[in-house]
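> If you scroll down you'll find the structure; I have some questions about it.
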Amino acid sequence: MKKFWKNASFRLKAGLIITLFFLVLGFIIYFIPHADPFPNNIRFKNLPPSKEHFFGTTSQGQDIFWLLIEAIHNSLLIGFIVALIGTVVGVLVGLTSGFVGGALDRILMLVTDTFVVIPSLPVLILMTSLMKGNGTVFLLALVLAAFAWAWPSRQIRSMALSMKERDFIHTAWFSGEGTIQTVVTEILPFALTWSLSNFMNATLNAIASESSLAVLGLSPGNLVSLGNMIQWARNYNAIMMGRWNWILPPILSTVVLFIGLFMLITGYNDYMSTKRGR
Amino acid sequence: MKFWKYLGLRIVTWALTILIGVTFIFFIPRMFPSDPVESMIGQMQARSGSMDPVAKEALRTSLRVQFGLEGSLWEQYTSFLWKGLLHFDFGPSLMSYPTPCTDIIKRNLPFTVGLSLFTTIVAWIIGNFIGLLAGFRKNKRSSKILEGIAICIYPLPYFIVALILQIVFAYVLGWFPLQATIVYNQSKAVFVGTLLKSSILPALSMLLVGTGWWIISMKSLASTTAEEEFVLYARYRGLSEGRIGYSYVFRNSILTQITALAMSIGGVFSGSIMTEIIFGYPGVGTLVQGAIMQSDYNMILGCITISIVAIATCTLIADMIYPFIDPRIRYS
């Protein structure tokens with residue numbers, strides 16, 4: 001651990017700290033008992049920040065601080081679910097396609113390539129507009145995951161193709177290991193490093209897509225997420241009224257979270273490449 | 001001959017991509033339980049009381065025809081491919097009935113294309129230039145600062161950058177209109193003036209995100225190229241820094257960036273949709289948003305079909321230019 005900290009670049013450290021900060025907010029602070037911030041009209045409206053309501057309340061009488069914590073929790077959760085599905089499916093499809101080859105490979109790659117090329121936002125708009133804000137969080141995550149698997153599966157496939165020809169894989173074949181065992185024991189460890197970086201990237205993309213859909217009014221209406229919080233503030237004219245304690249917390253959180261995640265991803269990639277080089 | 005094979009293969013991929021994409025968006029709405037015709041009739045009844053059953057049946061039939069929902073699934077599919085994909089005919093728009101969707105999309109598309117094209121090209125040029133300088137002299141303080149700024153802007157979603165610019169420049173400073181206001185019905189000068197004034201903030205926010213990416217990627221490319229042995233050799237030969245920068249580092253790094261340009265088109269288009277919505281800029285994005293609000297499925301389908309075709313075509317064009325620029329890649 002100490003050695004890691006000494007070798008890590010500034011970017012990796014900063015990204016790690018920011019991401020950890022948001023994880024603490026979303027998954028530890030979130031579980032501190034507090035009144036449900038979502039219901040309207042049970043608190044005074046438009047309160048300025050105070051000891052009771054750290055960031056004040058919205059024009060609907062919602063507690064902004066706890067709403068923000070819940071939004072961070074939900075946004076991260078959606079990001080993780082989507083990234084998990086996308087990475088697992090992507091790795092499976094990529095490995096299958098790379099190792100089995102033949103007609104299956106060609107069909108899988110045709111579908112994958114289409115998903116890489118098709119612009120995701122328009123199709124996401126179509127799918128979510130049919131649910132029209134009534135969809136559940138799980139359904140939304142599934143829809144987002146439909147576009148998260150194609151890119152990793154392509155990358156993993158080319159990784160598998162180049163691995164297939166290496167000596168140690170041949171050794172494994174000749175010593176009588178089956179395809180599945182070879183893949184699990186010989187290839188997967190290599191794919192894992194890459195998958196972790198892809199997982200973080202997919203998390204970032206999923207949160208971005210969810211919040212973009214929220215701005216279009218297409219995220220489930222009862223889902224407290226960063227995007228929806230920004231959208232509600234916009235809808236109730238928080239900008240025009242100059243209610244900065246309402247509009248700025250979700251915007252700034254999104255900005256800091258995204259920069260933190262991005263620094264973590266690029267820092268991690270740099271770190272792994274220097275480690276491999278040594 | 002190899003070139004023609006490459007070209008033919010590339011065109012087949014292009015057609016297949018569009019076909020699969022369009023098939024996808026045709027079948028998705030039909031898998032969902034919600035029926036747009038029934039929900040429209042329900043809305044009408046909620047507004048104007050119950051209807052005569054005979055009139056309701058007639059209304060249902062005519063709505064089904066307009067949505068392209070009559071006949072078997074296969075008939076619907078072939079007629080959608082024939083009319084929608086080959087003739088860009090998506091039926092009448094339901095929010096501004098009876099104007100055909102295509103007419104409205106044609107009116108809005110130039111704004112989106114203009115905004116995306118302008119920002120893509122300008123961001124590519126500026127970003128690669130800055131990235132080259134930053135990568136070539138990567139130990140200079142200014143290079144590190146520039147890269148730091150790029151890292152802080154690039155990962156943000158387009159709409160967040162747009163929202164921040166809107167708050168700062170339109171609301172707090174008041175230099176630009178909060179929402180795009182373009183005056184059509186006066187003189188040409190007024191139209192161009194208002195168009196430019198309304199376009200500055202959307203263009204700026206897309207430029208910031210786009211430039212950020214090109215700076216980051218070009219910097220890493222240029223700094224790896226700058227450490228290659230042929231660059232070292234050029235240094236030993238005593239060539240000027242400018243000559244090394246242009247003929248050795250730039251020309252070798254820019255090739256990757258041209259492929260990346262083709263890959264980025266889809267993202268820029270999505271970015272344009274989000275940016276337009278924040279600023280109320282009258283492109284395809286605002287059109288899609290309006291169509292969603294009013295459940296205008298013909299319009300949603302039309303916009304999405306056209307955007308898939310447009311993005312696939314742009315990528316195809318960029319891919320076809322590539323072999324002409326890099327002689328090493330040609331025909332393979």
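Just so we're on the same page: first chain in the structure tokens is A, next is B, and so on; residues restart at 1 for each chain, and ligands are numbered from 1 in the order they show up.
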Near chain B, meaning an atom within 9 Å, which residues of chain A appear when counting only C-alpha atoms? Write them as a ChimeraX atom specification.
/A:110-111,113-115,117-123,125-127,129-132,204-205,208-209,211-212,215-218,239-240,251,254-256,258-263
> Could the residues of stretch 144-195 of chain B that have an atom at most 10 Å from stretch 130-137 of chain B be listed as a Markdown table, each with its closest atom pair and the distance in Å to one decimal, counting only C-alpha atoms and ordered by chain and ascending residue number?

```
| residue | atom | partner | partner_atom | distance |
| --- | --- | --- | --- | --- |
| B:Lys144 | CA | B:Ala134 | CA | 7.3 |
| B:Ile145 | CA | B:Ala134 | CA | 9.3 |
| B:Leu146 | CA | B:Ala134 | CA | 7.5 |
| B:Glu147 | CA | B:Ala134 | CA | 7.4 |
| B:Ala150 | CA | B:Gly131 | CA | 9.7 |
```
> I'd like the contact shell of stretch 59-74 of chain B - 8 Å cut-off, only C-alpha atoms, skipping same-chain residues fewer than 3 positions apart - returned as a ChimeraX atom specification.
/B:37-38,41,55-56,77-78,80,91-92,297-298
> Can you tell me, as a ChimeraX atom specification, what residues are no more than 12 Å from A:His53 when counting only C-alpha atoms, ignoring any on the same chain fewer than 6 positions away?
/A:34-35,37,43-47,61-68,245-246
> Mind writing the picked residues with N, CA and C atoms as an mmCIF file, in the first residue's frame?

```cif
data_model
loop_
_atom_site.group_PDB
_atom_site.id
_atom_site.type_symbol
_atom_site.label_atom_id
_atom_site.label_comp_id
_atom_site.auth_asym_id
_atom_site.auth_seq_id
_atom_site.Cartn_x
_atom_site.Cartn_y
_atom_site.Cartn_z
ATOM 1 N N HIS A 34 -32.080 9.625 8.515
ATOM 2 C CA HIS A 34 -32.548 10.988 8.283
ATOM 3 C C HIS A 34 -33.957 10.912 7.725
ATOM 4 N N ALA A 35 -34.676 12.038 7.799
ATOM 5 C CA ALA A 35 -36.037 12.061 7.250
ATOM 6 C C ALA A 35 -35.958 11.940 5.739
ATOM 7 N N PRO A 37 -36.025 12.875 2.226
ATOM 8 C CA PRO A 37 -36.000 14.252 1.713
ATOM 9 C C PRO A 37 -36.971 14.495 0.566
ATOM 10 N N ARG A 43 -41.921 20.400 4.633
ATOM 11 C CA ARG A 43 -40.972 21.327 5.231
ATOM 12 C C ARG A 43 -41.316 22.717 4.711
ATOM 13 N N PHE A 44 -40.714 23.756 5.339
ATOM 14 C CA PHE A 44 -40.914 25.090 4.799
ATOM 15 C C PHE A 44 -40.216 25.187 3.452
ATOM 16 N N LYS A 45 -40.785 26.029 2.566
ATOM 17 C CA LYS A 45 -40.218 26.139 1.220
ATOM 18 C C LYS A 45 -39.116 27.202 1.186
ATOM 19 N N ASN A 46 -38.219 27.050 0.217
ATOM 20 C CA ASN A 46 -37.188 28.058 -0.072
ATOM 21 C C ASN A 46 -36.396 28.515 1.142
ATOM 22 N N LEU A 47 -36.089 27.583 2.065
ATOM 23 C CA LEU A 47 -35.286 27.968 3.219
ATOM 24 C C LEU A 47 -33.837 28.153 2.785
ATOM 25 N N GLY A 61 -40.267 22.388 -0.931
ATOM 26 C CA GLY A 61 -40.071 21.973 0.446
ATOM 27 C C GLY A 61 -39.330 20.661 0.600
ATOM 28 N N GLN A 62 -38.350 20.420 -0.279
ATOM 29 C CA GLN A 62 -37.540 19.212 -0.130
ATOM 30 C C GLN A 62 -36.180 19.601 0.435
ATOM 31 N N ASP A 63 -35.614 18.717 1.270
ATOM 32 C CA ASP A 63 -34.324 19.016 1.873
ATOM 33 C C ASP A 63 -33.215 18.783 0.846
ATOM 34 N N ILE A 64 -32.478 19.855 0.477
ATOM 35 C CA ILE A 64 -31.536 19.737 -0.636
ATOM 36 C C ILE A 64 -30.347 18.851 -0.291
ATOM 37 N N PHE A 65 -29.826 18.956 0.955
ATOM 38 C CA PHE A 65 -28.636 18.183 1.293
ATOM 39 C C PHE A 65 -28.891 16.681 1.171
ATOM 40 N N TRP A 66 -29.972 16.217 1.800
ATOM 41 C CA TRP A 66 -30.226 14.770 1.771
ATOM 42 C C TRP A 66 -30.689 14.313 0.400
ATOM 43 N N LEU A 67 -31.350 15.220 -0.329
ATOM 44 C CA LEU A 67 -31.714 14.905 -1.712
ATOM 45 C C LEU A 67 -30.444 14.662 -2.529
ATOM 46 N N LEU A 68 -29.437 15.515 -2.282
ATOM 47 C CA LEU A 68 -28.173 15.384 -3.005
ATOM 48 C C LEU A 68 -27.485 14.067 -2.664
ATOM 49 N N ASN A 245 -28.370 27.811 -3.900
ATOM 50 C CA ASN A 245 -28.221 26.665 -2.997
ATOM 51 C C ASN A 245 -28.976 25.439 -3.523
ATOM 52 N N TRP A 246 -29.816 25.642 -4.530
ATOM 53 C CA TRP A 246 -30.572 24.527 -5.090
ATOM 54 C C TRP A 246 -29.903 23.988 -6.364
#
```
> Near A:Tyr268, counting only C-alpha atoms, which residues have an atom at most 12 Å away, once you skip same-chain residues fewer than 2 positions from it, shown as a PyMOL selection string?
chain A and resi 4+7-16+193-198+200-201+260-266+270-275
> Do a neighbour search on stretch 101-112 of chain B at 6 Å with only C-alpha atoms, toss out local chain neighbours closer than 6 positions, and write the hits as a list of chain:residue names.
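What passes the distance filter is B:Pro92, B:Ser93, B:Gly283, B:Val284, B:Met299.
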> Can you tell me how far atom CA of A:Ile156 sits from atom CA of A:Gln181, in Å to one decimal?
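Computed distance, atom CA of A:Ile156 to atom CA of A:Gln181, equals 17.2 Å.
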> Please identify the alpha helix (DSSP H) residues within stretch 43-225 of chain A (assignment by DSSP from backbone atoms) and present them as a PyMOL selection string.
chain A and resi 64-100+102-117+120-131+137-145+150-164+167-174+179-182+188-215
> The selected residues should be written to file as a compact mmCIF listing (two decimals), in the first residue's frame (atoms: C-alpha atoms).

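Result file part-v3.txt:
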```txt
# COMPACT_ATOMS: atom_id res chain seq x y z
CA ILE A 64 -31.54 19.74 -0.64
CA PHE A 65 -28.64 18.18 1.29
CA TRP A 66 -30.23 14.77 1.77
CA LEU A 67 -31.71 14.90 -1.71
CA LEU A 68 -28.17 15.38 -3.01
CA ILE A 69 -26.83 12.46 -0.96
CA GLU A 70 -29.61 10.24 -2.28
CA ALA A 71 -28.94 11.47 -5.83
CA ILE A 72 -25.24 10.60 -5.54
CA HIS A 73 -26.17 7.17 -4.14
CA ASN A 74 -28.62 6.43 -6.97
CA SER A 75 -26.43 7.80 -9.75
CA LEU A 76 -23.43 5.77 -8.61
CA LEU A 77 -25.63 2.69 -8.19
CA ILE A 78 -27.03 2.98 -11.72
CA GLY A 79 -23.52 3.52 -13.02
CA PHE A 80 -22.21 0.43 -11.23
CA ILE A 81 -25.09 -1.83 -12.33
CA VAL A 82 -24.76 -0.75 -15.96
CA ALA A 83 -20.97 -1.04 -15.91
CA LEU A 84 -21.15 -4.48 -14.29
CA ILE A 85 -23.61 -5.85 -16.86
CA GLY A 86 -21.76 -4.19 -19.73
CA THR A 87 -18.32 -5.40 -18.68
CA VAL A 88 -19.38 -8.97 -17.89
CA VAL A 89 -21.37 -9.38 -21.12
CA GLY A 90 -18.63 -7.63 -23.08
CA VAL A 91 -15.88 -9.89 -21.73
CA LEU A 92 -17.97 -13.02 -22.33
CA VAL A 93 -18.90 -12.08 -25.89
CA GLY A 94 -15.37 -10.91 -26.68
CA LEU A 95 -13.71 -14.06 -25.35
CA THR A 96 -16.20 -16.37 -27.04
CA SER A 97 -15.87 -14.59 -30.31
CA GLY A 98 -12.08 -14.48 -30.17
CA PHE A 99 -11.63 -18.09 -29.11
CA VAL A 100 -14.36 -19.95 -30.95
CA GLY A 102 -15.55 -19.05 -37.45
CA ALA A 103 -19.16 -18.19 -38.28
CA LEU A 104 -20.06 -17.45 -34.66
CA ASP A 105 -17.25 -14.89 -34.50
CA ARG A 106 -18.44 -13.22 -37.68
CA ILE A 107 -22.05 -12.97 -36.54
CA LEU A 108 -21.13 -11.72 -33.07
CA MET A 109 -18.78 -9.12 -34.52
CA LEU A 110 -21.38 -7.87 -36.99
CA VAL A 111 -23.82 -7.27 -34.12
CA THR A 112 -21.06 -5.75 -31.97
CA ASP A 113 -19.89 -3.43 -34.73
CA THR A 114 -23.42 -2.24 -35.30
CA PHE A 115 -23.79 -1.43 -31.63
CA VAL A 116 -20.48 0.42 -31.67
CA VAL A 117 -21.54 2.52 -34.66
CA SER A 120 -26.63 5.43 -28.52
CA LEU A 121 -28.39 8.61 -27.43
CA PRO A 122 -31.10 8.63 -30.15
CA VAL A 123 -31.97 4.98 -29.51
CA LEU A 124 -31.93 5.54 -25.75
CA ILE A 125 -34.28 8.47 -26.31
CA LEU A 126 -36.63 6.25 -28.30
CA MET A 127 -36.63 3.46 -25.72
CA THR A 128 -37.07 5.69 -22.70
CA SER A 129 -39.66 7.91 -24.39
CA LEU A 130 -41.83 4.83 -24.73
CA MET A 131 -41.55 4.34 -20.98
CA VAL A 137 -34.65 2.15 -12.22
CA PHE A 138 -33.83 -1.44 -13.09
CA LEU A 139 -35.38 -1.14 -16.55
CA LEU A 140 -33.42 2.06 -17.14
CA ALA A 141 -30.21 0.31 -16.12
CA LEU A 142 -30.94 -2.54 -18.54
CA VAL A 143 -31.61 -0.12 -21.38
CA LEU A 144 -28.35 1.72 -20.68
CA ALA A 145 -26.48 -1.59 -20.45
CA ALA A 150 -20.23 -3.58 -27.43
CA TRP A 151 -17.01 -1.60 -27.04
CA PRO A 152 -15.45 -3.86 -24.36
CA SER A 153 -16.35 -6.98 -26.30
CA ARG A 154 -14.51 -5.65 -29.33
CA GLN A 155 -11.44 -4.80 -27.31
CA ILE A 156 -11.45 -8.12 -25.45
CA ARG A 157 -11.82 -9.99 -28.73
CA SER A 158 -8.73 -8.42 -30.24
CA MET A 159 -6.91 -9.08 -26.96
CA ALA A 160 -8.00 -12.74 -27.13
CA LEU A 161 -6.93 -13.02 -30.77
CA SER A 162 -3.41 -11.83 -30.03
CA MET A 163 -3.18 -14.00 -26.90
CA LYS A 164 -4.26 -17.11 -28.74
CA ASP A 167 3.50 -19.64 -26.39
CA PHE A 168 2.04 -20.09 -22.93
CA ILE A 169 -1.41 -20.58 -24.40
CA HIS A 170 -0.08 -23.27 -26.72
CA THR A 171 1.57 -24.88 -23.71
CA ALA A 172 -1.77 -24.88 -21.95
CA TRP A 173 -3.48 -26.44 -24.97
CA PHE A 174 -0.88 -29.14 -25.32
CA THR A 179 -10.96 -24.16 -23.82
CA ILE A 180 -12.90 -22.93 -20.82
CA GLN A 181 -10.11 -23.72 -18.40
CA THR A 182 -7.52 -22.04 -20.60
CA LEU A 188 -8.86 -13.79 -17.74
CA PRO A 189 -6.10 -12.43 -15.48
CA PHE A 190 -4.90 -10.31 -18.41
CA ALA A 191 -8.39 -9.21 -19.28
CA LEU A 192 -9.13 -8.22 -15.68
CA THR A 193 -6.77 -5.24 -15.56
CA TRP A 194 -8.33 -3.90 -18.69
CA SER A 195 -11.84 -4.72 -17.47
CA LEU A 196 -11.36 -2.70 -14.29
CA SER A 197 -10.45 0.37 -16.29
CA ASN A 198 -13.36 -0.30 -18.63
CA PHE A 199 -15.67 -0.73 -15.65
CA MET A 200 -14.85 2.74 -14.34
CA ASN A 201 -15.20 4.21 -17.80
CA ALA A 202 -18.59 2.55 -18.26
CA THR A 203 -19.71 3.87 -14.88
CA LEU A 204 -18.86 7.38 -15.97
CA ASN A 205 -20.64 6.94 -19.30
CA ALA A 206 -23.74 5.46 -17.69
CA ILE A 207 -24.05 8.32 -15.22
CA ALA A 208 -23.61 10.77 -18.10
CA SER A 209 -26.27 9.04 -20.22
CA GLU A 210 -28.71 8.85 -17.33
CA SER A 211 -28.32 12.53 -16.58
CA SER A 212 -28.65 13.44 -20.27
CA LEU A 213 -31.90 11.48 -20.41
CA ALA A 214 -33.02 13.19 -17.21
CA VAL A 215 -32.55 16.60 -18.85
```
> Between atom CA of A:Leu257 and atom CA of A:Phe21, measure the distance and give it in Å to one decimal.
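Separating atom CA of A:Leu257 from atom CA of A:Phe21 is a distance of 9.1 Å.
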> Work out how far atom CA of B:Gly210 is from atom CA of B:Thr313, in Å to one decimal.
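A separation of 20.5 Å between them.
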> So that I can check the surroundings of B:Leu115, please list as an MDAnalysis selection string every protein, DNA and RNA residue that reaches within 9 Å of it, counting only C-alpha atoms and ignoring chain neighbours fewer than 5 positions away.
chainID B and resid 110 120 199 202:203 206 272 283
> Please produce a file of those selected residues containing N, CA and C atoms, as an mmCIF file, in the first residue's frame.

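Result saved to out_8.cif:
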```
data_model
loop_
_atom_site.group_PDB
_atom_site.id
_atom_site.type_symbol
_atom_site.label_atom_id
_atom_site.label_comp_id
_atom_site.auth_asym_id
_atom_site.auth_seq_id
_atom_site.Cartn_x
_atom_site.Cartn_y
_atom_site.Cartn_z
ATOM 1 N N PRO B 110 -30.362 21.771 -40.729
ATOM 2 C CA PRO B 110 -29.191 22.609 -41.002
ATOM 3 C C PRO B 110 -28.570 23.211 -39.743
ATOM 4 N N THR B 120 -16.923 20.538 -34.573
ATOM 5 C CA THR B 120 -16.032 19.386 -34.729
ATOM 6 C C THR B 120 -14.728 19.811 -35.380
ATOM 7 N N SER B 199 -25.865 31.556 -31.488
ATOM 8 C CA SER B 199 -25.047 30.357 -31.697
ATOM 9 C C SER B 199 -23.765 30.365 -30.884
ATOM 10 N N PRO B 202 -23.892 27.999 -27.559
ATOM 11 C CA PRO B 202 -23.915 26.569 -27.888
ATOM 12 C C PRO B 202 -22.614 26.102 -28.527
ATOM 13 N N ALA B 203 -22.097 26.906 -29.467
ATOM 14 C CA ALA B 203 -20.873 26.507 -30.151
ATOM 15 C C ALA B 203 -19.714 26.466 -29.165
ATOM 16 N N MET B 206 -19.785 23.360 -26.936
ATOM 17 C CA MET B 206 -19.384 22.137 -27.627
ATOM 18 C C MET B 206 -17.906 22.151 -27.956
ATOM 19 N N SER B 272 -24.605 17.644 -29.571
ATOM 20 C CA SER B 272 -25.341 18.745 -30.172
ATOM 21 C C SER B 272 -26.808 18.706 -29.734
ATOM 22 N N GLY B 283 -32.570 23.189 -33.460
ATOM 23 C CA GLY B 283 -32.089 22.089 -34.289
ATOM 24 C C GLY B 283 -32.897 20.828 -34.069
#
```
